[in-house]
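Presented below is the structure to which this report refers.
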Amino acid sequence: MKTLKIIAAALLFTGFCLTGCRQKTQEPSSPEVLQAEHLEIDSVQKIVAQTRQSYKLMNDDTLLKKLADQSKRKKEPFNSLAYRELGSRKTVKPANLVLLIHQLNKGEALLPLLLLRSLNDKAYTAVPIEIKANILTDALQQSKTFNVWGLPGLYPEEASKALIACDTSAVPALKRMLSETRPAPLYGSKESMVYQRYKLRLCDYALYFIEEIRGNKNFVMPLTIPEREALISKM
């Protein structure tokens, strides 16, 4: 996806330039202000470190409950302390993750599903592909921010790779999303700039996934909405 990658790099470079220009015109902060800012940063860092340490002290069962709660609240894997801590352990039983996957409602099971995929390929493969497709497509449809999926055509996150691997089992649900034109915002400097440039929507993600599943290696995400609409209408 060379077009999207080039635009992303250009936007990111522009953002750095604009930031640098603003910094040159700002008055330097006083020593008192700088000291207060450093103290605030130190305080936040201590809280983060303490929270991470508290998760390390939790047993697997407690962490699984935290994982279920954070999955319901649509935390991304990289923003879920439970996911990250469990992912670093060798004591996690795949059967407990499978149980969570069946207990939680569709897209709410995204984190246990992705964690199982990361920790135990055999147990993940044993989960029926229809269940995996239902969880992943429902999570996509329910997303309010889309960082968990990455940028279509620029880089896919693990959730996107898992969805694409569901192959044709995911296509019916994805086709239903082709009519959903609500925005698909992302946070983060580069991600946000690309989103603003493309005005990405849920249907654009669905279009991208369908093309990937079909094995269309020549697909490039069109820059303009009318171009994307023309492709969607053919589906």
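So you can find residues: chains in the structure tokens are A, B, ... in the order shown, residues in each start at 1, and ligands are numbered from 1 in order.
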Residues at most 10 Å from segment 193-208 of chain A, counting only C-alpha atoms, excluding those fewer than 5 positions away in the same chain, as a PyMOL selection string? chain A and resi 4-5+7-12+14-15+137+140-144+146+149-154+160+164+170-171+173-188+213-214+216+219-225+228-229+231-232+235
What is the distance, in Å and to one decimal place, between atom CA of Glu85 of chain A and atom CA of Leu114 of chain A? 13.8 Å
Near Ala123 of chain A, within 10 Å and counting only C-alpha atoms, which residues show up once chain neighbours fewer than 4 positions away are dropped, as a ChimeraX atom specification? /A:94-95,97-98,116-117,119,127
Could you take the residues named above and write them with N, CA and C atoms, as a short mmCIF file (atom, residue, chain, number, x, y, z; two decimals), in the first residue's frame?
data_model
loop_
_atom_site.label_atom_id
_atom_site.label_comp_id
_atom_site.auth_asym_id
_atom_site.auth_seq_id
_atom_site.Cartn_x
_atom_site.Cartn_y
_atom_site.Cartn_z
N PRO A 94 -4.75 -22.44 28.78
CA PRO A 94 -5.57 -22.13 27.60
C PRO A 94 -7.05 -22.41 27.82
N ALA A 95 -7.37 -23.46 28.59
CA ALA A 95 -8.77 -23.81 28.84
C ALA A 95 -9.53 -22.68 29.54
N LEU A 97 -8.92 -19.46 29.16
CA LEU A 97 -9.18 -18.44 28.14
C LEU A 97 -10.33 -18.87 27.23
N VAL A 98 -10.34 -20.14 26.87
CA VAL A 98 -11.44 -20.66 26.05
C VAL A 98 -12.77 -20.50 26.78
N LEU A 116 -5.32 -15.83 23.62
CA LEU A 116 -5.21 -17.26 23.31
C LEU A 116 -4.43 -17.45 22.02
N ARG A 117 -4.70 -16.63 21.03
CA ARG A 117 -3.98 -16.70 19.75
C ARG A 117 -2.49 -16.47 19.94
N LEU A 119 -0.76 -16.99 22.85
CA LEU A 119 -0.12 -17.91 23.79
C LEU A 119 -0.13 -19.37 23.34
N VAL A 127 -10.64 -23.51 18.43
CA VAL A 127 -11.87 -22.71 18.55
C VAL A 127 -12.52 -22.64 17.17
#
Do you have, as a tab-separated table, the list of residues of segment 103-219 of chain A lying at most 12 Å from segment 46-70 of chain A, each with its nearest atom pair and that distance in Å to one decimal, counting only C-alpha atoms and ordered by chain then number?
residue	atom	partner	partner_atom	distance
A:Gln103	CA	A:Ala68	CA	9.5
A:Leu104	CA	A:Ala68	CA	7.7
A:Asn105	CA	A:Ala68	CA	10.5
A:Gly107	CA	A:Ala68	CA	11.4
A:Glu108	CA	A:Ala68	CA	7.9
A:Ala109	CA	A:Ala68	CA	7.3
A:Leu110	CA	A:Ala68	CA	9.2
A:Leu111	CA	A:Leu67	CA	7.0
A:Pro112	CA	A:Leu67	CA	7.2
A:Leu113	CA	A:Ala68	CA	10.7
A:Leu114	CA	A:Leu67	CA	11.3
A:Leu115	CA	A:Leu67	CA	9.7
A:Leu116	CA	A:Leu64	CA	11.9
